[in-house]
Amino acid sequence: MKEVIDFLAAKASRPLAFLRHASSDPLPPPHHPILILDSSFNPPTRAHMRLILLALARHSYSSVLLLHATTNADKGSPDIPDIHRRVQFMRALASDLSAHLASTSQMQPNQPPSSVTGSITSTATASTTATTPLHPHAPPSISLALTVAPRFIEKSTLLRSLRPNYAQHWILGLDTLVRLVDAKYYTVPPREALSSLFSYPGDTVLCFAREVGGGATSASPLPELAQELETEGRVVWMGGWNERDPLFSVSSTKVRALVDTWKTLDATTSQNHGTMNPNSENDERVEEKKRAVLQQLEAIVSPNVLQTLLSE
């Protein structure tokens, strides 16, 4: 909790700050891009981890940044306990991601799994971005950071002030890309506003999408500016998962609902154990329901994140 309080107290002079984490130095080697997942982490799911792993399968990164904005352009600011809670989820996800990367074989750049499309090394990145790892068998460092900046253009500028000579690769969903180019978030034309997001050679948005019937789905048609950025190599389509994928319909909202159900069942079991006439048959039914809910959670939430959720 103290690190959140300290961050908010210093936000005027330090609007983006790295958090202490048991990974390695957050500074990547020169000219290696930083892979950035900017999320609410409320909570993160296996789908979030999938996005990172798909990007790592497409390109060599020495640094992965998990970034949380304490101010949302559409929703305002959460309170200190809620920010602390999300930091705990970020740490849990970082631990699970580190464990996964340590346990899997070397992921070769430019050799994607069959579900991934597109190429990160576009015309915007080919001349300036390294495509081989500094240490071929070393997993990337995983860093955590908080920022008060609500928009990508501010986040990018703040990160650039701390890491000035590194390309930024931002993981975005399709609907977020649509919002990114929406004029309502800017006081100048979006093209002009987004120049800061793409100010360094190699800066790229990696866009992931759910696919239905062979095509990407979005709440809105793809705006013209997004199409132009794709043509320029600043937006790269990464595929994602189709409707047959178990993670297709996973959301943080679904996770929270399942956790609430599990905790209600757990409280029922505890109450039964505290009565003078415990009903073992009823307890077994409740335990069976708990196991079923837990099984669903294990399929969509990584281990340390799940432990953090159930211990709240």
# chains A, B, ... in the order shown; residues from 1 in each chain; ligands from 1

$ residues_around --residues "A:Ser156" --least-positions-apart "2" --cutoff "10 Å" --atoms "only C-alpha atoms" --output "PyMOL selection string"
chain A and resi 149+151-154+158-161+163+168+170+194+196-199+203

$ write_last_selection --atoms "all heavy atoms" --output "short mmCIF file (atom, residue, chain, number, x, y, z; two decimals), in the first residue's frame"
data_model
loop_
_atom_site.label_atom_id
_atom_site.label_comp_id
_atom_site.auth_asym_id
_atom_site.auth_seq_id
_atom_site.Cartn_x
_atom_site.Cartn_y
_atom_site.Cartn_z
N ALA A 149 -1.24 9.17 -16.21
CA ALA A 149 -1.64 9.61 -17.56
C ALA A 149 -2.75 8.71 -18.09
O ALA A 149 -2.59 7.49 -18.13
CB ALA A 149 -0.45 9.57 -18.49
N ARG A 151 -4.16 8.79 -21.27
CA ARG A 151 -4.17 8.52 -22.70
C ARG A 151 -2.83 7.95 -23.16
O ARG A 151 -1.78 8.21 -22.56
CB ARG A 151 -4.48 9.80 -23.49
CG ARG A 151 -5.83 10.42 -23.17
CD ARG A 151 -6.08 11.65 -24.04
NE ARG A 151 -5.08 12.70 -23.83
CZ ARG A 151 -5.04 13.84 -24.51
NH1 ARG A 151 -5.95 14.07 -25.45
NH2 ARG A 151 -4.10 14.75 -24.25
N PHE A 152 -2.86 7.19 -24.24
CA PHE A 152 -1.65 6.56 -24.74
C PHE A 152 -0.59 7.59 -25.12
O PHE A 152 0.61 7.35 -24.94
CB PHE A 152 -1.97 5.67 -25.95
CG PHE A 152 -2.60 4.36 -25.57
CD1 PHE A 152 -3.97 4.19 -25.65
CD2 PHE A 152 -1.82 3.30 -25.13
CE1 PHE A 152 -4.56 2.99 -25.30
CE2 PHE A 152 -2.40 2.09 -24.77
CZ PHE A 152 -3.78 1.93 -24.85
N ILE A 153 -1.00 8.72 -25.66
CA ILE A 153 -0.01 9.71 -26.10
C ILE A 153 0.78 10.24 -24.90
O ILE A 153 1.99 10.47 -25.01
CB ILE A 153 -0.66 10.86 -26.89
CG1 ILE A 153 -1.79 11.52 -26.11
CG2 ILE A 153 -1.15 10.37 -28.23
CD1 ILE A 153 -2.35 12.78 -26.79
N GLU A 154 0.12 10.44 -23.75
CA GLU A 154 0.85 10.89 -22.57
C GLU A 154 1.71 9.76 -21.99
O GLU A 154 2.85 9.98 -21.56
CB GLU A 154 -0.11 11.40 -21.49
CG GLU A 154 -0.71 12.75 -21.80
CD GLU A 154 -2.15 12.62 -22.27
OE1 GLU A 154 -2.63 11.47 -22.42
OE2 GLU A 154 -2.79 13.66 -22.50
N LEU A 158 5.74 10.01 -21.47
CA LEU A 158 6.35 9.85 -20.15
C LEU A 158 7.36 8.70 -20.16
O LEU A 158 8.45 8.83 -19.60
CB LEU A 158 5.27 9.58 -19.10
CG LEU A 158 4.36 10.76 -18.76
CD1 LEU A 158 3.19 10.30 -17.89
CD2 LEU A 158 5.15 11.85 -18.04
N LEU A 159 6.98 7.60 -20.78
CA LEU A 159 7.90 6.47 -20.86
C LEU A 159 9.13 6.85 -21.68
O LEU A 159 10.26 6.47 -21.35
CB LEU A 159 7.19 5.26 -21.47
CG LEU A 159 8.01 3.96 -21.58
CD1 LEU A 159 8.50 3.52 -20.20
CD2 LEU A 159 7.16 2.86 -22.21
N ARG A 160 8.91 7.62 -22.74
CA ARG A 160 10.03 8.06 -23.58
C ARG A 160 10.99 8.94 -22.79
O ARG A 160 12.21 8.92 -23.02
CB ARG A 160 9.49 8.84 -24.79
CG ARG A 160 10.53 9.17 -25.83
CD ARG A 160 10.59 8.12 -26.91
NE ARG A 160 9.32 8.00 -27.60
CZ ARG A 160 8.94 6.90 -28.25
NH1 ARG A 160 9.72 5.86 -28.31
NH2 ARG A 160 7.77 6.84 -28.85
N SER A 161 10.47 9.73 -21.84
CA SER A 161 11.34 10.59 -21.05
C SER A 161 12.26 9.79 -20.14
O SER A 161 13.36 10.25 -19.78
CB SER A 161 10.50 11.56 -20.21
OG SER A 161 9.80 10.87 -19.17
N ARG A 163 12.97 6.37 -20.91
CA ARG A 163 13.65 5.42 -21.80
C ARG A 163 13.63 6.03 -23.21
O ARG A 163 12.84 5.65 -24.05
CB ARG A 163 12.93 4.07 -21.79
CG ARG A 163 12.79 3.44 -20.41
CD ARG A 163 14.14 2.92 -19.91
NE ARG A 163 13.99 2.23 -18.65
CZ ARG A 163 14.24 2.78 -17.46
NH1 ARG A 163 14.59 4.06 -17.39
NH2 ARG A 163 14.13 2.08 -16.35
N GLN A 168 8.74 1.52 -28.85
CA GLN A 168 7.66 1.04 -27.99
C GLN A 168 6.69 0.21 -28.82
O GLN A 168 6.18 0.68 -29.83
CB GLN A 168 6.93 2.21 -27.34
CG GLN A 168 7.81 3.10 -26.48
CD GLN A 168 7.08 4.35 -26.01
OE1 GLN A 168 5.90 4.55 -26.29
NE2 GLN A 168 7.79 5.20 -25.28
N TRP A 170 3.14 -1.41 -28.34
CA TRP A 170 1.97 -1.41 -27.47
C TRP A 170 0.99 -2.50 -27.87
O TRP A 170 0.58 -2.59 -29.03
CB TRP A 170 1.26 -0.06 -27.53
CG TRP A 170 2.06 1.08 -26.98
CD1 TRP A 170 3.02 1.80 -27.64
CD2 TRP A 170 1.99 1.63 -25.66
NE1 TRP A 170 3.54 2.77 -26.81
CE2 TRP A 170 2.93 2.69 -25.59
CE3 TRP A 170 1.21 1.34 -24.55
CZ2 TRP A 170 3.12 3.45 -24.45
CZ3 TRP A 170 1.39 2.10 -23.40
CH2 TRP A 170 2.33 3.14 -23.35
N LEU A 194 -1.35 11.81 -32.43
CA LEU A 194 -0.68 10.51 -32.34
C LEU A 194 0.76 10.54 -32.83
O LEU A 194 1.46 9.53 -32.74
CB LEU A 194 -1.47 9.46 -33.14
CG LEU A 194 -2.83 9.08 -32.55
CD1 LEU A 194 -3.60 8.19 -33.51
CD2 LEU A 194 -2.64 8.36 -31.21
N SER A 196 3.18 11.82 -31.39
CA SER A 196 4.07 11.55 -30.25
C SER A 196 4.15 10.07 -29.93
O SER A 196 5.16 9.57 -29.44
CB SER A 196 3.59 12.32 -29.02
OG SER A 196 2.29 11.91 -28.63
N LEU A 197 3.06 9.32 -30.21
CA LEU A 197 3.05 7.88 -29.96
C LEU A 197 3.95 7.15 -30.95
O LEU A 197 4.48 6.08 -30.64
CB LEU A 197 1.62 7.35 -30.08
CG LEU A 197 1.39 5.87 -29.77
CD1 LEU A 197 1.73 5.55 -28.31
CD2 LEU A 197 -0.05 5.48 -30.07
N PHE A 198 4.13 7.76 -32.13
CA PHE A 198 4.94 7.13 -33.17
C PHE A 198 6.14 8.00 -33.51
O PHE A 198 6.54 8.12 -34.67
CB PHE A 198 4.09 6.89 -34.42
CG PHE A 198 2.89 6.01 -34.18
CD1 PHE A 198 1.60 6.52 -34.32
CD2 PHE A 198 3.04 4.70 -33.80
CE1 PHE A 198 0.49 5.72 -34.11
CE2 PHE A 198 1.94 3.88 -33.57
CZ PHE A 198 0.66 4.40 -33.73
N SER A 199 6.73 8.62 -32.50
CA SER A 199 7.82 9.57 -32.74
C SER A 199 9.17 8.91 -32.94
O SER A 199 10.09 9.52 -33.50
CB SER A 199 7.90 10.56 -31.57
OG SER A 199 8.23 9.89 -30.36
N ASP A 203 8.29 2.47 -33.45
CA ASP A 203 7.12 2.50 -32.58
C ASP A 203 5.94 1.84 -33.29
O ASP A 203 5.63 2.18 -34.44
CB ASP A 203 6.75 3.94 -32.21
CG ASP A 203 7.73 4.57 -31.23
OD1 ASP A 203 8.47 3.82 -30.57
OD2 ASP A 203 7.74 5.81 -31.14
#

$ residues_around --residues "stretch 171-186 of chain A" --least-positions-apart "5" --cutoff "10 Å" --atoms "only C-alpha atoms" --output "JSON, numbers by chain"
{"A": [35, 36, 37, 38, 39, 48, 51, 52, 55, 73, 74, 151, 152, 153, 191, 192, 193, 194, 204, 205, 206, 207, 208, 209, 210, 216, 217, 218, 219, 220, 221, 222, 223, 224, 225, 226, 229, 235, 236, 237, 238, 240]}

$ atom_distance --atom1 "atom CA of A:Ile80" --atom2 "atom CA of A:Val4"
6.9 Å

$ closest_atom_pairs --of "stretch 44-115 of chain A" --to "stretch 255-272 of chain A" --cutoff "12 Å" --atoms "only C-alpha atoms" --output "Markdown table"
| residue | atom | partner | partner_atom | distance |
| --- | --- | --- | --- | --- |
| A:Pro44 | CA | A:Val255 | CA | 9.0 |
| A:Thr45 | CA | A:Val255 | CA | 7.8 |
| A:Arg46 | CA | A:Val255 | CA | 10.6 |
| A:Ala47 | CA | A:Val255 | CA | 11.5 |

$ atom_distance --atom1 "atom CA of A:Val64" --atom2 "atom CA of A:Lys11"
22.9 Å

$ select_by_dssp --residues "stretch 32-202 of chain A" --states "strand (DSSP E)" --output "list in words"
Ile34, Leu35, Ile36, Leu37, Asp38, Ser63, Val64, Leu65, Leu66, Leu67, His68, Ala69, Ser141, Ile142, Ser143, Leu144, Ala145, Leu146, Thr147, Gln168, His169, Trp170, Ile171, Leu172 and Gly173 of chain A

$ atom_distance --atom1 "atom CA of A:Ala145" --atom2 "atom CA of A:Phe18"
4.1 Å

$ closest_residue --among "A:Ser63, A:Ser302, A:Ser252, A:Thr104" --to "A:Leu144" --atoms "only C-alpha atoms"
A:Ser63

$ closest_residue --among "A:Thr157, A:Asn72, A:Glu3, A:Ser143" --to "A:His84" --atoms "only C-alpha atoms"
A:Glu3

$ residues_around --residues "A:Asp79" --least-positions-apart "2" --cutoff "12 Å" --atoms "only C-alpha atoms" --output "list of chain:residue names"
A:Met1, A:Val4, A:Ile5, A:Leu8, A:Thr70, A:Thr71, A:Gly76, A:Ser77, A:Pro81, A:Asp82, A:Ile83, A:His84, A:Arg85, A:Arg86

$ closest_residue --among "A:Leu54, A:Ala99, A:Val148, A:Leu162" --to "A:Gly239" --atoms "only C-alpha atoms"
A:Leu54
